[in-house]
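File shown: upload30.csv. Contents: CSV, C-alpha atoms.
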chain,number,residue,atom,x,y,z
A,1,MET,CA,19.6,-12.5,8.9
A,2,SER,CA,21.8,-12.8,5.8
A,3,GLU,CA,20.3,-12.1,2.3
A,4,ALA,CA,20.5,-15.8,1.5
A,5,GLY,CA,18.8,-16.6,4.8
A,6,GLN,CA,16.0,-14.2,4.1
A,7,ARG,CA,15.3,-15.8,0.7
A,8,ALA,CA,15.5,-19.3,2.2
A,9,SER,CA,12.9,-18.3,4.8
A,10,GLY,CA,10.5,-17.1,2.1
A,11,ARG,CA,10.6,-13.6,3.4
A,12,PRO,CA,12.8,-11.7,1.0
A,13,LEU,CA,12.5,-8.4,2.8
A,14,ALA,CA,12.7,-9.6,6.4
A,15,GLY,CA,13.5,-6.7,8.7
A,16,LYS,CA,13.0,-3.9,6.1
A,17,ARG,CA,10.7,-1.0,7.0
A,18,GLY,CA,7.2,-0.9,5.4
A,19,TRP,CA,4.2,1.4,5.6
A,20,ILE,CA,0.6,0.2,5.2
A,21,ILE,CA,-1.6,3.1,4.0
A,22,THR,CA,-5.3,2.6,4.5
A,23,ASP,CA,-8.4,4.3,5.7
A,24,ASP,CA,-8.6,1.9,8.8
A,25,LYS,CA,-11.2,-0.5,7.4
A,26,ALA,CA,-10.5,-4.0,8.6
A,27,GLY,CA,-10.9,-5.5,5.1
A,28,MET,CA,-8.3,-3.2,3.8
A,29,ILE,CA,-5.9,-3.7,6.7
A,30,VAL,CA,-6.0,-7.5,6.5
A,31,GLN,CA,-5.0,-7.5,2.8
A,32,ALA,CA,-2.1,-5.1,3.3
A,33,ARG,CA,-1.0,-6.9,6.5
A,34,GLY,CA,-1.0,-10.2,4.6
A,35,VAL,CA,1.4,-9.0,2.0
A,36,ALA,CA,3.6,-7.2,4.5
A,37,ASP,CA,3.8,-10.3,6.7
A,38,ALA,CA,4.6,-12.6,3.7
A,39,LEU,CA,7.5,-10.2,2.8
A,40,GLY,CA,8.8,-10.0,6.4
A,41,LEU,CA,8.4,-6.3,6.6
A,42,VAL,CA,8.4,-4.4,9.9
A,43,VAL,CA,5.4,-2.2,9.3
A,44,GLU,CA,4.0,1.0,10.5
A,45,GLN,CA,0.3,1.6,9.8
A,46,LYS,CA,-0.5,5.0,8.3
A,47,ILE,CA,-4.2,5.8,8.7
A,48,VAL,CA,-5.6,8.3,6.2
A,49,ALA,CA,-8.7,10.3,6.9
A,50,PRO,CA,-8.8,13.1,4.4
A,51,THR,CA,-11.6,15.8,4.8
A,52,GLY,CA,-13.3,18.2,2.5
A,53,LEU,CA,-12.2,18.4,-1.1
A,54,ALA,CA,-9.4,15.9,-0.6
A,55,ARG,CA,-11.9,13.3,0.5
A,56,PHE,CA,-14.3,14.0,-2.2
A,57,ALA,CA,-11.7,14.0,-5.0
A,58,ALA,CA,-10.0,10.7,-4.0
A,59,PRO,CA,-8.6,8.8,-5.7
A,60,TRP,CA,-7.8,11.5,-8.3
A,61,GLY,CA,-7.2,14.4,-6.0
A,62,PRO,CA,-4.4,15.6,-3.8
A,63,VAL,CA,-3.3,14.5,-0.4
A,64,ASP,CA,-5.1,16.4,2.5
A,65,ARG,CA,-3.0,19.4,3.4
A,66,LYS,CA,-3.4,18.6,7.1
A,67,ASP,CA,-1.1,15.5,6.6
A,68,ARG,CA,1.9,17.7,5.6
A,69,PHE,CA,3.1,15.0,3.3
A,70,GLY,CA,6.9,15.0,3.0
A,71,GLU,CA,7.4,17.7,5.7
A,72,THR,CA,9.4,17.1,8.8
A,73,GLY,CA,7.1,16.3,11.7
A,74,GLY,CA,4.3,15.2,9.4
A,75,ASN,CA,2.8,11.7,9.4
A,76,PHE,CA,4.3,11.0,6.0
A,77,ALA,CA,7.9,12.1,6.3
A,78,PRO,CA,11.3,10.6,5.7
A,79,PRO,CA,12.9,8.3,6.4
A,80,TRP,CA,11.0,6.6,3.6
A,81,PRO,CA,10.2,2.9,4.0
A,82,ALA,CA,11.5,0.2,1.6
A,83,VAL,CA,7.9,-0.7,0.6
A,84,ALA,CA,4.6,1.2,0.9
A,85,ILE,CA,1.4,-0.8,0.5
A,86,ALA,CA,-1.9,1.0,-0.1
A,87,THR,CA,-5.4,-0.2,-0.4
A,88,GLY,CA,-8.7,1.7,-0.6
A,89,ARG,CA,-9.8,4.8,-2.6
A,90,LEU,CA,-8.7,7.2,0.1
A,91,SER,CA,-5.1,5.9,0.1
A,92,ILE,CA,-4.4,6.4,-3.6
A,93,PRO,CA,-3.4,10.1,-3.4
A,94,TYR,CA,-1.0,9.2,-0.7
A,95,ILE,CA,0.7,6.4,-2.6
A,96,ARG,CA,1.0,8.7,-5.7
A,97,ALA,CA,2.6,11.4,-3.4
A,98,MET,CA,4.9,8.7,-2.0
A,99,ARG,CA,6.2,7.9,-5.5
A,100,ARG,CA,6.9,11.6,-6.2
A,101,HIS,CA,8.6,12.3,-2.8
A,102,ALA,CA,10.5,9.0,-2.2
A,103,GLY,CA,11.4,8.1,-5.8
A,104,LEU,CA,13.3,4.9,-6.1
A,105,ALA,CA,13.8,4.7,-2.3
A,106,THR,CA,10.3,3.2,-1.9
A,107,TYR,CA,8.7,0.4,-3.8
A,108,THR,CA,5.0,1.2,-4.0
A,109,VAL,CA,2.2,-1.4,-4.1
A,110,VAL,CA,-1.6,-0.9,-4.5
A,111,LEU,CA,-4.0,-3.7,-3.6
A,112,GLN,CA,-7.3,-3.4,-5.6
A,113,ASP,CA,-7.8,-1.3,-8.7
A,114,PRO,CA,-6.7,2.3,-8.0
A,115,LYS,CA,-9.0,3.6,-10.7
A,116,THR,CA,-6.2,6.1,-11.6
A,117,GLY,CA,-4.1,4.1,-14.1
A,118,PRO,CA,-1.1,1.8,-14.1
A,119,LYS,CA,1.4,4.5,-13.1
A,120,THR,CA,-0.1,4.9,-9.7
A,121,ALA,CA,2.3,2.4,-8.2
A,122,ASP,CA,5.2,0.1,-9.1
A,123,LEU,CA,2.9,-2.9,-8.6
A,124,ILE,CA,-0.9,-3.2,-8.7
A,125,TRP,CA,-2.5,-6.4,-7.4
A,126,VAL,CA,-6.2,-6.9,-8.4
A,127,PRO,CA,-8.7,-9.8,-8.2
A,128,GLU,CA,-9.1,-11.7,-11.4
A,129,HIS,CA,-12.6,-10.3,-12.0
A,130,ASP,CA,-11.3,-6.7,-12.2
A,131,ARG,CA,-10.5,-5.5,-15.7
A,132,ARG,CA,-7.2,-3.8,-14.8
A,133,ARG,CA,-4.3,-5.4,-16.7
A,134,GLY,CA,-0.8,-4.3,-17.5
A,135,ALA,CA,2.9,-5.0,-17.2
A,136,ASN,CA,2.9,-4.0,-13.5
A,137,VAL,CA,-0.4,-5.7,-12.7
A,138,ILE,CA,-0.8,-9.1,-11.0
A,139,THR,CA,-4.1,-10.9,-10.4
A,140,SER,CA,-5.3,-13.6,-8.0
A,141,LEU,CA,-8.6,-15.4,-7.5
A,142,VAL,CA,-8.9,-14.1,-4.0
A,143,PRO,CA,-7.3,-11.0,-2.4
A,144,PRO,CA,-4.2,-11.3,-0.3
A,145,HIS,CA,-4.8,-11.9,3.5
A,146,SER,CA,-2.9,-12.6,6.7
A,147,PHE,CA,-4.4,-16.0,7.3
A,148,SER,CA,-1.6,-18.5,6.8
A,149,SER,CA,-2.3,-22.3,6.8
A,150,LEU,CA,-0.5,-22.4,10.2
A,151,ARG,CA,-2.7,-19.6,11.6
A,152,LEU,CA,-5.8,-21.3,10.3
A,153,ALA,CA,-4.7,-24.6,11.8
A,154,ASP,CA,-4.4,-22.9,15.3
Would you write out, as structure tokens, the structure that this file holds?
Amino acid sequence: MSEAGQRASGRPLAGKRGWIITDDKAGMIVQARGVADALGLVVEQKIVAPTGLARFAAPWGPVDRKDRFGETGGNFAPPWPAVAIATGRLSIPYIRAMRRHAGLATYTVVLQDPKTGPKTADLIWVPEHDRRRGANVITSLVPPHSFSSLRLAD
């Protein structure tokens, strides 16, 4: 699809690669999937399950070493996606690592307050009742979801 066709369809990133980074909770997945679907991303779901100190220290701590972030053969390795969407406390170390490793190659998005500050991602999307505000923060009354009006009508 041409760039003009993508914009006309309302899916500006149709066909681009995306990663959804969550701890596999349905409530987290549905939010990230809703954003990815609206953008037209072809997504790969990256489930995080840190253990030990990495789990305890999230969202402030490091990525779990077992995930070999950025290493060939690891679950989080190049080629980097165009967009990475993270949600949930355990995903935050991974999205921060994504920013360090992928640089400008990947646009990073966090759904819900990351509790680690505005530099955690390129864009942070929080519910209006959260206090987080900033130049890269957007708010909405309800969180994003994958239930389009067409899907609800079905």
In Å, how far is it from atom CA of A:Asp122 to atom CA of A:Thr72?
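Between these atoms lies a distance of 25.0 Å.
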Once you count all atoms listed in the file, what closest atom pair and distance in Å to one decimal does each residue of stretch 87-154 of chain A within 9 Å of stretch 44-61 of chain A have, with rows by chain and rising residue number, as CSV?
residue,atom,partner,partner_atom,distance
A:Gly88,CA,A:Pro59,CA,8.7
A:Arg89,CA,A:Pro59,CA,5.2
A:Leu90,CA,A:Ala58,CA,5.5
A:Ser91,CA,A:Val48,CA,6.6
A:Ile92,CA,A:Pro59,CA,5.3
A:Pro93,CA,A:Pro59,CA,5.8
A:Tyr94,CA,A:Val48,CA,8.3
A:Pro114,CA,A:Pro59,CA,7.2
A:Lys115,CA,A:Pro59,CA,7.2
A:Thr116,CA,A:Trp60,CA,6.5
Distance atom CA of A:Leu41-atom CA of A:Phe69, one decimal place?
22.2 Å
Pairwise distance for atom CA of A:Arg68 and atom CA of A:Met28, rounded to one decimal in Å:
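Calculated distance between atom CA of A:Arg68 and atom CA of A:Met28 is 23.3 Å.
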Give me, as a PyMOL selection string, all polymer residues having an atom no more than 10 Å from A:Pro79, counting only C-alpha atoms and skipping those fewer than 3 positions away in the same chain.
chain A and resi 17+70+72+76+82+102+105
Identify the residues around (-8.2, -0.3, -7.9) within a radius of 12 Å, measuring from all atoms listed in the file in the coordinates stated by the file, and give them as a count of residues only.
37
Residue with the minimum atom-to-atom distance to A:Phe147, picked from A:Pro12, A:Gly34, A:Gly134, A:Gly74 with all atoms listed in the file counted, is A:Gly34
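Nearest-residue note for A:Leu13: choosing from A:Leu150, A:Gly27, A:Val63, A:Pro81, the minimum distance belongs to A:Pro81, counting only C-alpha atoms.
Near A:Arg99, within 8 Å and counting only C-alpha atoms, sit Leu104, Thr106, Thr108 and Ala121 of chain A, not including residues fewer than 5 positions from it in the same chain.
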Just C-alpha atoms for this one: save the residues we selected as an mmCIF file, in the coordinates of the input.
data_model
loop_
_atom_site.group_PDB
_atom_site.id
_atom_site.type_symbol
_atom_site.label_atom_id
_atom_site.label_comp_id
_atom_site.auth_asym_id
_atom_site.auth_seq_id
_atom_site.Cartn_x
_atom_site.Cartn_y
_atom_site.Cartn_z
ATOM 1 C CA LEU A 104 13.300 4.900 -6.100
ATOM 2 C CA THR A 106 10.300 3.200 -1.900
ATOM 3 C CA THR A 108 5.000 1.200 -4.000
ATOM 4 C CA ALA A 121 2.300 2.400 -8.200
#
Close residues, A:Ala84 itself excluded, 6 Å, only C-alpha atoms, min 6 positions apart in chain, as JSON, numbers by chain
{"A": [18, 19, 20, 108]}
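Using only C-alpha atoms, the shortest contact distance between A:Leu39 and any of A:Ala97, A:Ala14, A:Ala26, A:Ile21 is found at A:Ala14.
Residue nearest A:Asp37, chosen from A:Glu71, A:Gly15, A:Ser146, A:Asp154 and counting all atoms listed in the file: A:Ser146.
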When you get a chance, write out all heavy atoms for stretch 101-112 of chain A, as an mmCIF file, in the frame of the given file.
data_model
loop_
_atom_site.group_PDB
_atom_site.id
_atom_site.type_symbol
_atom_site.label_atom_id
_atom_site.label_comp_id
_atom_site.auth_asym_id
_atom_site.auth_seq_id
_atom_site.Cartn_x
_atom_site.Cartn_y
_atom_site.Cartn_z
ATOM 1 N N HIS A 101 7.694 11.839 -3.853
ATOM 2 C CA HIS A 101 8.600 12.300 -2.800
ATOM 3 C C HIS A 101 9.784 11.301 -2.595
ATOM 4 O O HIS A 101 10.921 11.721 -2.417
ATOM 5 C CB HIS A 101 7.890 12.489 -1.490
ATOM 6 C CG HIS A 101 7.113 13.754 -1.444
ATOM 7 N ND1 HIS A 101 5.864 13.877 -2.016
ATOM 8 C CD2 HIS A 101 7.390 14.952 -0.896
ATOM 9 C CE1 HIS A 101 5.424 15.099 -1.829
ATOM 10 N NE2 HIS A 101 6.320 15.773 -1.146
ATOM 11 N N ALA A 102 9.496 10.015 -2.536
ATOM 12 C CA ALA A 102 10.500 9.000 -2.200
ATOM 13 C C ALA A 102 11.292 8.516 -3.403
ATOM 14 O O ALA A 102 12.395 8.005 -3.262
ATOM 15 C CB ALA A 102 9.887 7.852 -1.446
ATOM 16 N N GLY A 103 10.696 8.631 -4.569
ATOM 17 C CA GLY A 103 11.400 8.100 -5.800
ATOM 18 C C GLY A 103 11.675 6.667 -5.683
ATOM 19 O O GLY A 103 10.848 5.876 -5.238
ATOM 20 N N LEU A 104 12.888 6.301 -6.061
ATOM 21 C CA LEU A 104 13.300 4.900 -6.100
ATOM 22 C C LEU A 104 13.570 4.335 -4.689
ATOM 23 O O LEU A 104 13.776 3.141 -4.546
ATOM 24 C CB LEU A 104 14.521 4.720 -6.965
ATOM 25 C CG LEU A 104 14.312 5.052 -8.448
ATOM 26 C CD1 LEU A 104 15.626 4.939 -9.206
ATOM 27 C CD2 LEU A 104 13.246 4.180 -9.067
ATOM 28 N N ALA A 105 13.545 5.164 -3.664
ATOM 29 C CA ALA A 105 13.800 4.700 -2.300
ATOM 30 C C ALA A 105 12.706 3.786 -1.786
ATOM 31 O O ALA A 105 12.927 2.960 -0.902
ATOM 32 C CB ALA A 105 13.985 5.877 -1.350
ATOM 33 N N THR A 106 11.494 3.930 -2.328
ATOM 34 C CA THR A 106 10.300 3.200 -1.900
ATOM 35 C C THR A 106 9.656 2.471 -3.020
ATOM 36 O O THR A 106 9.314 3.104 -4.015
ATOM 37 C CB THR A 106 9.325 4.082 -1.151
ATOM 38 O OG1 THR A 106 9.964 4.719 -0.041
ATOM 39 C CG2 THR A 106 8.113 3.302 -0.654
ATOM 40 N N TYR A 107 9.444 1.169 -2.867
ATOM 41 C CA TYR A 107 8.700 0.400 -3.800
ATOM 42 C C TYR A 107 7.222 0.482 -3.442
ATOM 43 O O TYR A 107 6.862 0.176 -2.304
ATOM 44 C CB TYR A 107 9.163 -1.067 -3.844
ATOM 45 C CG TYR A 107 8.592 -1.885 -4.970
ATOM 46 C CD1 TYR A 107 9.156 -1.815 -6.244
ATOM 47 C CD2 TYR A 107 7.500 -2.716 -4.770
ATOM 48 C CE1 TYR A 107 8.632 -2.568 -7.292
ATOM 49 C CE2 TYR A 107 6.973 -3.467 -5.807
ATOM 50 C CZ TYR A 107 7.547 -3.389 -7.073
ATOM 51 O OH TYR A 107 7.032 -4.126 -8.104
ATOM 52 N N THR A 108 6.371 0.911 -4.356
ATOM 53 C CA THR A 108 5.000 1.200 -4.000
ATOM 54 C C THR A 108 4.071 0.045 -4.579
ATOM 55 O O THR A 108 4.250 -0.420 -5.700
ATOM 56 C CB THR A 108 4.508 2.513 -4.569
ATOM 57 O OG1 THR A 108 4.754 2.577 -5.983
ATOM 58 C CG2 THR A 108 5.226 3.650 -3.870
ATOM 59 N N VAL A 109 3.103 -0.355 -3.755
ATOM 60 C CA VAL A 109 2.200 -1.400 -4.100
ATOM 61 C C VAL A 109 0.750 -0.941 -3.804
ATOM 62 O O VAL A 109 0.499 -0.353 -2.750
ATOM 63 C CB VAL A 109 2.444 -2.693 -3.256
ATOM 64 C CG1 VAL A 109 1.441 -3.786 -3.576
ATOM 65 C CG2 VAL A 109 3.875 -3.177 -3.448
ATOM 66 N N VAL A 110 -0.171 -1.199 -4.733
ATOM 67 C CA VAL A 110 -1.600 -0.900 -4.500
ATOM 68 C C VAL A 110 -2.339 -2.236 -4.618
ATOM 69 O O VAL A 110 -2.158 -2.985 -5.581
ATOM 70 C CB VAL A 110 -2.144 0.093 -5.535
ATOM 71 C CG1 VAL A 110 -3.659 0.159 -5.461
ATOM 72 C CG2 VAL A 110 -1.550 1.466 -5.316
ATOM 73 N N LEU A 111 -3.148 -2.514 -3.628
ATOM 74 C CA LEU A 111 -4.000 -3.700 -3.600
ATOM 75 C C LEU A 111 -5.403 -3.186 -4.035
ATOM 76 O O LEU A 111 -5.897 -2.234 -3.442
ATOM 77 C CB LEU A 111 -4.053 -4.336 -2.261
ATOM 78 C CG LEU A 111 -2.686 -4.691 -1.677
ATOM 79 C CD1 LEU A 111 -2.852 -5.272 -0.284
ATOM 80 C CD2 LEU A 111 -1.935 -5.654 -2.580
ATOM 81 N N GLN A 112 -6.002 -3.804 -5.016
ATOM 82 C CA GLN A 112 -7.300 -3.400 -5.600
ATOM 83 C C GLN A 112 -7.012 -2.374 -6.707
ATOM 84 O O GLN A 112 -5.975 -1.720 -6.720
ATOM 85 C CB GLN A 112 -8.281 -2.896 -4.601
ATOM 86 C CG GLN A 112 -8.608 -3.880 -3.508
ATOM 87 C CD GLN A 112 -9.614 -3.323 -2.523
ATOM 88 O OE1 GLN A 112 -10.143 -2.228 -2.677
ATOM 89 N NE2 GLN A 112 -9.885 -4.105 -1.496
#
